[in-house]
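**Student:** Contents of entry.pdb (PDB, C-alpha atoms) are given next:
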```pdb
ATOM      1  CA  MET A   1       0.000   0.000   0.000
ATOM      2  CA  PHE A   2       2.801   2.476   0.891
ATOM      3  CA  ARG A   3       4.505   1.759  -2.416
ATOM      4  CA  ASP A   4       1.350   2.404  -4.457
ATOM      5  CA  ASN A   5       0.420   5.551  -2.552
ATOM      6  CA  LEU A   6       3.939   6.948  -2.851
ATOM      7  CA  LYS A   7       4.079   6.122  -6.552
ATOM      8  CA  ASP A   8       0.664   7.728  -7.145
ATOM      9  CA  ILE A   9       1.411  10.961  -5.287
ATOM     10  CA  ILE A  10       4.793  11.342  -7.005
ATOM     11  CA  GLU A  11       3.070  10.923 -10.374
ATOM     12  CA  TYR A  12       0.252  13.289  -9.370
ATOM     13  CA  LYS A  13       2.762  15.955  -8.352
ATOM     14  CA  GLY A  14       4.592  15.501 -11.656
ATOM     15  CA  LEU A  15       7.894  14.660  -9.994
ATOM     16  CA  ARG A  16      10.624  12.219 -10.846
ATOM     17  CA  THR A  17      12.432  10.259  -8.170
ATOM     18  CA  LYS A  18      15.594  12.220  -8.917
ATOM     19  CA  GLU A  19      13.759  15.466  -8.117
ATOM     20  CA  LEU A  20      12.206  14.010  -4.959
ATOM     21  CA  SER A  21      15.655  12.840  -3.904
ATOM     22  CA  ALA A  22      17.048  16.360  -4.318
ATOM     23  CA  ILE A  23      14.174  17.894  -2.347
ATOM     24  CA  THR A  24      14.312  15.398   0.536
ATOM     25  CA  LYS A  25      18.062  14.719   0.553
ATOM     26  CA  ILE A  26      17.175  11.003   0.476
ATOM     27  CA  ASN A  27      19.332   8.916  -1.847
ATOM     28  CA  LYS A  28      17.561   8.192  -5.157
ATOM     29  CA  ARG A  29      18.280   4.469  -4.815
ATOM     30  CA  THR A  30      16.644   4.504  -1.405
ATOM     31  CA  ILE A  31      13.514   6.111  -2.851
ATOM     32  CA  ASP A  32      13.606   3.604  -5.709
ATOM     33  CA  SER A  33      13.598   0.800  -3.133
ATOM     34  CA  TYR A  34      10.272   2.145  -1.799
ATOM     35  CA  LEU A  35       8.823   2.128  -5.316
ATOM     36  CA  ASP A  36      10.080  -1.119  -6.811
ATOM     37  CA  SER A  37       8.899  -4.697  -6.348
ATOM     38  CA  ARG A  38      10.774  -5.031  -3.051
ATOM     39  CA  ALA A  39       8.355  -2.462  -1.621
ATOM     40  CA  VAL A  40      10.632  -1.537   1.266
ATOM     41  CA  ILE A  41       8.852   0.617   3.856
ATOM     42  CA  PRO A  42      10.854   3.543   5.236
ATOM     43  CA  ASN A  43      11.388   4.337   8.874
ATOM     44  CA  ALA A  44       9.247   7.084  10.423
ATOM     45  CA  GLU A  45      11.834   9.835   9.945
ATOM     46  CA  VAL A  46      12.149   9.157   6.219
ATOM     47  CA  ALA A  47       8.376   8.792   5.817
ATOM     48  CA  VAL A  48       7.936  12.236   7.396
ATOM     49  CA  LYS A  49      10.492  13.765   4.989
ATOM     50  CA  LEU A  50       8.710  12.210   2.018
ATOM     51  CA  ALA A  51       5.295  13.337   3.235
ATOM     52  CA  LYS A  52       6.466  16.916   3.794
ATOM     53  CA  ALA A  53       8.130  17.089   0.389
ATOM     54  CA  LEU A  54       4.972  15.779  -1.271
ATOM     55  CA  ASP A  55       2.681  18.047   0.758
ATOM     56  CA  THR A  56       0.797  15.102   2.230
ATOM     57  CA  SER A  57       0.759  13.135   5.475
ATOM     58  CA  VAL A  58       2.469   9.945   6.567
ATOM     59  CA  GLU A  59      -1.022   8.579   7.222
ATOM     60  CA  PHE A  60      -1.890   9.141   3.566
ATOM     61  CA  LEU A  61       1.295   7.429   2.380
ATOM     62  CA  VAL A  62       0.607   4.420   4.596
ATOM     63  CA  THR A  63      -3.192   4.083   4.271
ATOM     64  CA  GLY A  64      -4.198   6.121   1.233
ATOM     65  CA  GLU A  65      -6.411   8.312   3.414
ATOM     66  CA  ASP A  66      -5.838  11.329   5.585
ATOM     67  CA  SER A  67      -8.493  11.724   8.237
ATOM     68  CA  ALA A  68      -7.142  15.049   9.511
ATOM     69  CA  ASN A  69      -7.115  16.703   6.089
ATOM     70  CA  ARG A  70      -9.855  14.828   4.281
ATOM     71  CA  GLU A  71     -11.736  17.998   3.411
ATOM     72  CA  GLN A  72      -8.773  19.713   1.800
ATOM     73  CA  LYS A  73      -9.085  20.179  -1.935
ATOM     74  CA  LEU A  74      -5.798  18.382  -2.652
ATOM     75  CA  TYR A  75      -7.149  15.071  -1.414
ATOM     76  CA  LEU A  76     -10.389  15.479  -3.315
ATOM     77  CA  ASP A  77      -8.453  16.316  -6.481
ATOM     78  CA  PHE A  78      -6.110  13.404  -5.889
ATOM     79  CA  ASP A  79      -8.997  10.967  -5.467
ATOM     80  CA  THR A  80     -10.422  12.219  -8.758
ATOM     81  CA  TYR A  81      -7.009  11.911 -10.379
ATOM     82  CA  ARG A  82      -6.647   8.311  -9.202
ATOM     83  CA  LYS A  83     -10.119   7.452 -10.394
ATOM     84  CA  TYR A  84      -9.694   8.810 -13.930
ATOM     85  CA  ARG A  85      -5.964   8.769 -14.644
ATOM     86  CA  LYS A  86      -6.154   5.838 -17.085
ATOM     87  CA  ILE A  87      -8.838   7.615 -19.083
ATOM     88  CA  VAL A  88      -6.883  10.872 -19.093
ATOM     89  CA  LYS A  89      -3.767   9.073 -20.334
ATOM     90  CA  GLU A  90      -5.787   7.538 -23.166
ATOM     91  CA  LEU A  91      -7.377  10.892 -24.056
ATOM     92  CA  ASP A  92      -3.912  12.433 -24.157
ATOM     93  CA  LYS A  93      -2.952  10.009 -26.936
ATOM     94  CA  LEU A  94      -5.745  11.212 -29.236
ATOM     95  CA  SER A  95      -5.296  13.708 -32.013
ATOM     96  CA  PRO A  96      -6.896  17.132 -31.529
ATOM     97  CA  GLU A  97      -9.450  16.269 -34.242
ATOM     98  CA  LEU A  98     -10.625  13.182 -32.339
ATOM     99  CA  LEU A  99     -10.398  14.828 -28.946
ATOM    100  CA  LYS A 100     -12.585  17.839 -29.759
ATOM    101  CA  PRO A 101     -15.910  15.954 -30.202
ATOM    102  CA  ILE A 102     -15.166  13.734 -27.205
ATOM    103  CA  LEU A 103     -14.600  16.748 -24.973
ATOM    104  CA  ALA A 104     -17.799  18.335 -26.312
ATOM    105  CA  MET A 105     -19.706  15.148 -25.496
ATOM    106  CA  ILE A 106     -18.265  15.039 -21.959
ATOM    107  CA  HIS A 107     -19.103  18.709 -21.436
ATOM    108  CA  THR A 108     -22.688  18.175 -22.657
ATOM    109  CA  ALA A 109     -23.139  15.108 -20.441
ATOM    110  CA  ALA A 110     -21.876  17.062 -17.413
ATOM    111  CA  GLU A 111     -24.275  19.927 -18.154
ATOM    112  CA  VAL A 112     -27.217  17.519 -18.495
ATOM    113  CA  SER A 113     -26.356  15.757 -15.230
ATOM    114  CA  ARG A 114     -26.237  19.083 -13.356
ATOM    115  CA  ALA A 115     -29.683  20.096 -14.615
TER     116      ALA A 115
END
```
Once more with this new file: its structure as structure tokens, please.
**Tutor:**
Amino acid sequence: MFRDNLKDIIEYKGLRTKELSAITKINKRTIDSYLDSRAVIPNAEVAVKLAKALDTSVEFLVTGEDSANREQKLYLDFDTYRKYRKIVKELDKLSPELLKPILAMIHTAAEVSRA
């Protein structure tokens, strides 16, 4: 769970592990060990550094939820991001000509659902 949450928040923030390493002063290989198949879990001190650098909580990194900050917009946006990221990645592959009518359809559907 820690591995997936860390991977997701790094992706959401648009960072690379090299950048996170520079921000936290944690060796890149160490961060990689938290993200790869070994799924090493850091000690509390390192988890706090990662959480601060990613503007999240250790609780979120461990559980995927943050009870103290649940109402903050970041977590709501992140939940939405997680839910639709595969679709967004697929949409990003489309040509502008194909994307335009799809976006119009999504916009129309959203307007109808709000009415």
**Student:** So, counting all atoms listed in the file, which residue among A:Glu90, A:Arg114, A:Asp55, A:Ala104 is closest to Tyr12 of chain A?
**Tutor:**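 Nearest to Tyr12 of chain A: A:Asp55.
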**Student:** What would the selection look like, as JSON, numbers by chain, if the PyMOL selection byres ((chain A and resi 58) around 12) were run on the coordinates I just shared?
**Tutor:** {"A": [2, 5, 6, 9, 41, 42, 43, 44, 45, 46, 47, 48, 49, 50, 51, 52, 53, 54, 55, 56, 57, 59, 60, 61, 62, 63, 64, 65, 66, 67, 68, 69]}
**Student:** Do a neighbour search on Thr17 of chain A at 9 Å with only C-alpha atoms, toss out local chain neighbours closer than 2 positions, and write the hits as an MDAnalysis selection string.
**Tutor:** chainID A and resid 10 15 19:22 28:29 31:32
**Student:** Using atom CA of Tyr81 of chain A and atom CA of Asp4 of chain A as the two end points, give the distance in Å to one decimal.
**Tutor:**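 Atom-to-atom, atom CA of Tyr81 of chain A to atom CA of Asp4 of chain A, that is 14.0 Å.
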**Student:** Please measure the separation of atom CA of Ala110 of chain A and atom CA of Leu98 of chain A, giving the value in Å to one decimal.
**Tutor:**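 Atom-to-atom, atom CA of Ala110 of chain A to atom CA of Leu98 of chain A, that is 19.1 Å.
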**Student:** Would you mind reading off the distance between atom CA of Arg3 of chain A and atom CA of Thr30 of chain A, one decimal, in Å?
**Tutor:**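 For atom CA of Arg3 of chain A relative to atom CA of Thr30 of chain A, the distance reads 12.5 Å.
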